Every structure is written in structure tokens, then in C-alpha cells.
Amino acid sequence: MDKMPPWADAVLVPVISLLLAAAISSIVILAIGENPIEALNYMIEGALLSSAGWGQVLYYATNYIFTGLAVAVASHARLFNIGGEGQAQLGGLGIAMLCLFIPFPHWTLAFVFAIVAAGLFGAAWAYIPAVLQAKRDSHIVITTIMFNYIAYALLNYMLVNVLRPEGAMEPASGNFPDNIHLPTFQEMFSYGDTILFRSAPANVSFFLAVIACIGIWVLVWRTRLGYELRAFGQSESAAKYAGINPARITIIAMLISGALAGMMALNTTMGYSERLVLNASEGAGFIGIAVALMGRNHPVGIFFAALLFGFLVQGGTELSFWTSIPTELIVVIQALVILFTGALDNMVRMPLVKLFALGKGDR
Amino acid sequence: MDFLTLLQVLDSTVRLATPLLLACMAGLFSERAGVFDIGLEGKMLFAAFSAGAVAYVTGSAWLGLIAAIAGSVLFALIHGLASITFRGNQLISGVAINFLASGLTVLIAQNWFKQGGRTPSVFSGGRFEEITLPFAETLGSVPIFGPIYADLISGHAILVYIAFAVVPISAFVLYKTRFGLRLRAVGEAPDAVDTAGISVVRLRYTAVIICGVLCGIAGAYLAIGLQAGFVREMTAGRGFIALAALIFANWRPWYAMGTCLLFGLLQAVALRYQNIDLGGITLPVQLMDALPYILTVILLAGFVGKPQPPRAGGEAYVKER
């Protein structure tokens, strides 16, 4: 049992899961009286056939890379961090406090400090559930869910009662100073009269996300800590026997995970809205679960899965412009991907395992 | 606070506690049988939509209720398929179910009714009306007891009474019947149940279906009892408050009722007073909103007692060969 070439496990299983999700989504689209092929055309045209579309896709993908990596790092230590949403919102709070109250001479300096602030706030929000799991044996899934709601209430309070400018109705902070505006793709890549990525929100945070992918790969597969993390995730008792402290690993894994989720806010809060708004995480904390599952917890997989979800979200928005299909279709697709790659993994895997066993001539 | 205000707050507590209580009892059956369920929210949401849609189209609250239960059970079966049959991760399956409900309800509602993802308002006949219990009018003039009976106990939709009846029934079923014993056993030591020649799979499916039925009633109450029609995301985290209540109650029926009433009271107070002034210190409404979650985290931290979840919870049972 469980004998399958690694490439099949890494590529075939997610692709088949995705095809299943796509098939069911097509049925849903047919059921509401639209044409799935036409729908796909709209999505591709709106998301991939212009640099402006790509600018949106890469913006969303940046969010999902961060939250996907956050889920993945925790998963390697067999911890299910469902609190990315709350950690990202706290990251946004950290960035807002920094950008609003400290005058920076240049965006580069502000960006560096914002990375630290977002990471620290996100990690801090993951710290309490981590300690409760490590020392008090309380289930991390439950506590991180609770912390999502507590984060939402906290942000709501901070935006309504503390950070909202005098006289403003909307629960949002004031605008960040102009001089710390992060360069967008349009500003970076347009030359002469050619304007690329027109008014797209993608910004320098994307490169940070790519660096994070590389960093996490090095951390998980090329360092002692990463080895301990994976050993702990494989077998807690074996890890203990090898002298790994479970409480320490649990807390470190969650701190890294929370910091990554928090850094997502760099993209949304500092890069795009340039002020703190309510629900700045845009649901990306949850999409991160789908991204990590689909990317098989590997940074390369997560990168492509994040691009895919960026495409789906941007394509879905376009779709709602041109057809009667609401953007909630993407939530359905997201749910199906989580269902097939996560919960019903065995349903996809078992027949494949049998197929490969047949191919090798096993009895 | 005068007596009348107190009665009004308590009345609203009962209404707000009802969906929590039903969802909490739903989770209790599922988790006592060893199937973790963080998809209570999704099942309730889908049930609320089904109830709203069918009650609007047919004009019958009871048909709405049946649709709600059917929709919720369907989702419960997906959870069962993933977590019992295919031994998948129960938590991930729950997450998927929440998103599936969140997306599908708006998608279908928009397609059918074209009102931005809600159902049209359901009027009398399609809603569960408030029932006046016998003698409520005559007893109403009796001091203290009269208003309590007439305003607090009487005057709720039938589903409220069903919800509170579910508590003793569940306690009886769980602790006094053979089925209940087996159900609890399958959540603690499925191998022992299997050794006794009882099907673990069948017991767990039964528990998951009961969970679906109760979530269905909870959703129906939201859409056509408490309110008049379905609106998007109308469960608003109640499934997770119910989950918190379940932990708070340490997976026991009567305690679950107490906790749900407490959390319902918190919601009722937050709804009525917004910011609460306690002689100089103002409690912001956001704190009241977050209090159920904060209390649960404190409890989970083990400062007040120690929750003891079912031992085999979250793990699929693999038969020994």
C-alpha cells in the first residue's frame, strides 16, 4: 500500500482533484444556465490576456503565497493553523500603527520596519494558541478559530474607537503618508509610453512573497530546525526520543506560521489600500488552506497553487461582470478544492495507488 | 434595570440561544461519536437558505423545515463520507463544508431570486408564528409569575420549544439507552465497540445524520422563525459559538443548555445596550461580541476545570485485520 512514484503524489493527485472540482463547478455553472466553456473564456480573457489582468492575479497570489506558506509550515509540524485570517488582520494592525505614527523618510525603510511589525503582530496572535497547545494541550484548531473572531472584534474596536479619523463614518484608519507608498508593478515596469499593469494593485510585496517561498524551502528542508519540525510532524514520540522538545517545536512552528500570515497584510494594507480597513485579510487566510493543500505544503507547489487561486479570484470577478454568475462561484470552487485535496484525498488516491500497483505487475 | 426590561432581555436571550442550543446539541451527537465537526456553521447556513427558499415558494413553514433538514443532512453526509468512509481529515472536511455552504447559498439564491443572494421576505404562513401558551392571557395579570409566563415562556415559535425539549431527550438517549451507550463508546474506544460486534461505521453515520437534522432545525429557526427569509451569511458565526459552547459544556447536554443560555444572554445584552457603562469603565460592544470566544479560550487554557473531549475524537477508525 501507499506505493506511488513521488511525481504522481506531487502532481497527479492535485491535478485530478482540481479536475474533479472543475467538473462539479461546470455542472453548477450549467445548472444556473450559463456555458462553462464560455465562462472559462471570460476568466482567461479577464485575468491572463492583459498585463492589467496579470497585475490583479499577482496581487491576489501574493496574499495566497503568504497564507499558504503559513498553513504549510504549521502542517509540517502536524498543526492545523486555521487562524491565518486573524493573524493577517493583526499584521495589518501592526503595519497601520507603524505607518500612521512613525514618520519614515523613504518607503524602503518603512517597508523593512513594516515587515518586522507585520511579522511580530501576526506571530504574537499565533503565540497564545501555540502555548495553549504546547503546554495545556488545548486543541489548536479550536483556539485559532476563536482567535479569528477575537481578532475581528479587536480590529473592529480599534478602527471604530481608536484609529478612525475625526468625523469619518467608515470604520477605517486615516491614509498612510504619501512618501511611504510602495511601488506598484505599473510604476516599476512601465517604460516610455508603454504602460504595463495599468492600475493593478500588484506591488513590491510580491517579490517578498517569492523570497518567503525560498526562505521557507531552505528553512524546512535545509536546516536543523526544519528537520526537527518535520520529524515532529511525522511522529511525536520518535521526535521526543530523538531529543526534540515538542513544546518548543509547536511554539516555533506557530510563530513562523503567524508571522507569515501577518506579512500578508503588507500587500493588502500597505501596498493596496494604504490605510487599514475592516477585514483587510479579504478571506485569504482561509484560501491559504486550499493553497497549502493543493501545493502539497511545498513552496513550489504553493507558488503555483497561489497563482491558480489568484487567477480564479480575478477571473471570477470578471465573470460576474459579463455573466449572471456571482463571484461566490469561486468560494464554491475553493470549497471543492479543499474537499477533494484535503478531506477526500483518499478517494482520489486509493484508485491511483491500485492503478500503479497494476502497472508494476504486482499481484 | 426594571423588571420589564429584564424580561425583554431574557426573552431575547431565549430567542438568541435557540439556534446556538440546537447547533450545540448537533455537535454533541457528532463529537460524542468521535466525529469532530467544525462544519456546524455551514450546515446551519445551508439549512437556513433551504428553509427560506422553500418556505417562500410554497408558503409553508413546515415544508421549509423539511427542506432545511434535508439540505443539512446532505451536507452532513458529505462530512460522513469524507471523515468516516474515506478516513479523511475531519477538520479539513468541516472547513470545506463551511465554504461550500457559504458559496452555494449565495450562488443559488442569486440565481433563483436575483436579490443579491438573499431570498425574498417570507410572510405569515411561511414563518413559524409565535405561539401563545394556554392561560397566558389570564395568568398575565398575576404579579411576577404572570409576566414571566406570558412574556418569557409563552410567545415563542414552536422550534424554540423543540430546541429546549431536545436537551432532556438527548440526555436520556445518551445516558439511559443502549444506543446512547454505544454512541458514547464509539467516541471513546471504537475498537471495543467493534470487538463487541457493533458496526462503528453505522453508529458514526447515525450520529452524523442526527447532527445534520439538528443543524437543519437550527437553520430553519434562523430563516423562518427568528427572521423572515434568508440573507447571506446569516448564521454569522453562530456555528462556532455553538462549538465553543460545546467545549464549555464539556460535551454534556444539560451544561450545553446552560452555556448556550449564557452566550445567548451575552448576545442579547450586546444587541440591546451596545456600549455598557460600568461606572467610569465602558465595556465596548465588540468586547461583548468576543466574550464567548474569550471565555472558551480561558476555559481551554485550563484555568477553570479541564475540558475532556471524547478520546477517539477526530480519528477515523481503521478495522484491525
# chains A, B, ... in the order shown; residues from 1 in each chain; ligands from 1

call {"tool": "interface_residues", "arguments": {"of": "chain B", "to": "chain A", "cutoff": "6 Å", "atoms": "only C-alpha atoms", "output": "PyMOL selection string"}}
result
chain B and resi 82+86+88-89+92-93+96+99-100+103+107+286+290+293+300-301

call {"tool": "residues_around", "arguments": {"residues": "Gly313 of chain B", "least_positions_apart": "6", "cutoff": "12 Å", "atoms": "only C-alpha atoms", "output": "list in words"}}
result
His139 of chain A; Gly27, Leu28, Phe29, Ser30, Glu31, Arg32, Ala33, Gly34, Val35, Phe36, Asp37, Ser83, Ile84, Asn89, Gln90, Leu91, Arg184, Ala185, Val186, Gly187, Glu188, Ala189, Pro190, Arg204 and Trp251 of chain B

call {"tool": "select_by_dssp", "arguments": {"residues": "segment 150-297 of chain B", "states": "strand (DSSP E)", "output": "PyMOL selection string"}}
result
chain B and resi 156-157+276-278+281-283

call {"tool": "write_last_selection", "arguments": {"atoms": "N, CA and C atoms", "output": "short mmCIF file (atom, residue, chain, number, x, y, z; two decimals), in the first residue's frame"}}
result
data_model
loop_
_atom_site.label_atom_id
_atom_site.label_comp_id
_atom_site.auth_asym_id
_atom_site.auth_seq_id
_atom_site.Cartn_x
_atom_site.Cartn_y
_atom_site.Cartn_z
N HIS B 156 -43.25 32.06 21.89
CA HIS B 156 -42.12 31.76 21.00
C HIS B 156 -42.59 30.85 19.88
N ALA B 157 -41.76 30.75 18.86
CA ALA B 157 -42.06 29.82 17.78
C ALA B 157 -41.90 28.39 18.30
N ILE B 276 -21.55 49.34 27.15
CA ILE B 276 -22.08 49.30 28.51
C ILE B 276 -21.21 50.13 29.44
N ASP B 277 -21.87 51.01 30.17
CA ASP B 277 -21.15 51.90 31.07
C ASP B 277 -21.18 51.32 32.48
N LEU B 278 -20.02 50.95 32.98
CA LEU B 278 -19.96 50.39 34.33
C LEU B 278 -19.27 51.39 35.25
N ILE B 281 -15.93 52.84 33.64
CA ILE B 281 -15.35 51.95 32.63
C ILE B 281 -16.43 51.60 31.61
N THR B 282 -16.13 51.84 30.35
CA THR B 282 -17.10 51.49 29.32
C THR B 282 -16.69 50.18 28.67
N LEU B 283 -17.63 49.23 28.70
CA LEU B 283 -17.37 47.97 28.00
C LEU B 283 -17.81 48.14 26.56
#

call {"tool": "closest_residue", "arguments": {"among": "B:Tyr255, B:Ala270, B:Cys211, B:Ala109", "to": "Leu77 of chain B", "atoms": "only C-alpha atoms"}}
result
B:Cys211

call {"tool": "atom_distance", "arguments": {"atom1": "atom CA of Met4 of chain A", "atom2": "atom CA of Ala74 of chain A"}}
result
25.1 Å

call {"tool": "select_by_dssp", "arguments": {"residues": "segment 81-242 of chain A", "states": "helix (DSSP H, G or I)", "output": "number ranges by chain"}}
result
A: 84-101, 107-136, 140-163, 178-180, 185-189, 205-222, 224-234, 236-241

call {"tool": "atom_distance", "arguments": {"atom1": "atom CA of Leu225 of chain A", "atom2": "atom CA of Arg78 of chain A"}}
result
14.7 Å

call {"tool": "residues_around", "arguments": {"residues": "segment 175-192 of chain A", "least_positions_apart": "5", "cutoff": "10 Å", "atoms": "only C-alpha atoms", "output": "ChimeraX atom specification"}}
result
/A:51-52,55,58-59,95-111,165,197-206,266-267,269-276

call {"tool": "residues_around", "arguments": {"residues": "Gly59 of chain B", "least_positions_apart": "6", "cutoff": "12 Å", "atoms": "only C-alpha atoms", "output": "count of residues only"}}
result
16

call {"tool": "residues_around", "arguments": {"residues": "Gly116 of chain B", "least_positions_apart": "2", "cutoff": "9 Å", "atoms": "only C-alpha atoms", "output": "CSV table (one decimal) with N, CA and C atoms, in the first residue's frame"}}
result
chain,number,residue,atom,x,y,z
B,106,VAL,N,-25.4,31.7,-1.6
B,106,VAL,CA,-25.5,32.9,-2.3
B,106,VAL,C,-25.7,32.7,-3.8
B,109,ALA,N,-29.2,31.4,-4.4
B,109,ALA,CA,-30.2,32.4,-4.1
B,109,ALA,C,-30.2,33.5,-5.1
B,110,GLN,N,-29.0,33.9,-5.6
B,110,GLN,CA,-28.9,34.9,-6.6
B,110,GLN,C,-29.5,34.5,-7.9
B,113,PHE,N,-33.6,34.0,-7.1
B,113,PHE,CA,-34.4,35.2,-6.7
B,113,PHE,C,-33.9,36.5,-7.2
B,114,LYS,N,-32.6,36.5,-7.6
B,114,LYS,CA,-32.0,37.8,-8.1
B,114,LYS,C,-32.1,39.0,-7.2
B,118,ARG,N,-30.1,36.9,-1.4
B,118,ARG,CA,-31.0,36.6,-0.3
B,118,ARG,C,-32.3,36.0,-0.9
B,119,THR,N,-33.1,35.5,-0.1
B,119,THR,CA,-34.5,35.1,-0.5
B,119,THR,C,-35.4,36.3,-0.3
B,231,VAL,N,-30.8,35.7,4.5
B,231,VAL,CA,-29.9,36.6,4.0
B,231,VAL,C,-28.5,36.0,4.0
B,232,ARG,N,-27.6,36.5,3.2
B,232,ARG,CA,-26.3,35.9,3.1
B,232,ARG,C,-25.5,35.9,4.4

call {"tool": "atom_distance", "arguments": {"atom1": "atom CA of Gly314 of chain B", "atom2": "atom CA of Ile38 of chain B"}}
result
10.8 Å

call {"tool": "residues_around", "arguments": {"residues": "Pro253 of chain B", "least_positions_apart": "5", "cutoff": "9 Å", "atoms": "only C-alpha atoms", "output": "ChimeraX atom specification"}}
result
/B:24-25,28,167-168,170-171,174,246,258

call {"tool": "closest_residue", "arguments": {"among": "A:Met263, A:Asn35, A:Ser17, A:Val353", "to": "Leu93 of chain A", "atoms": "only C-alpha atoms"}}
result
A:Met263
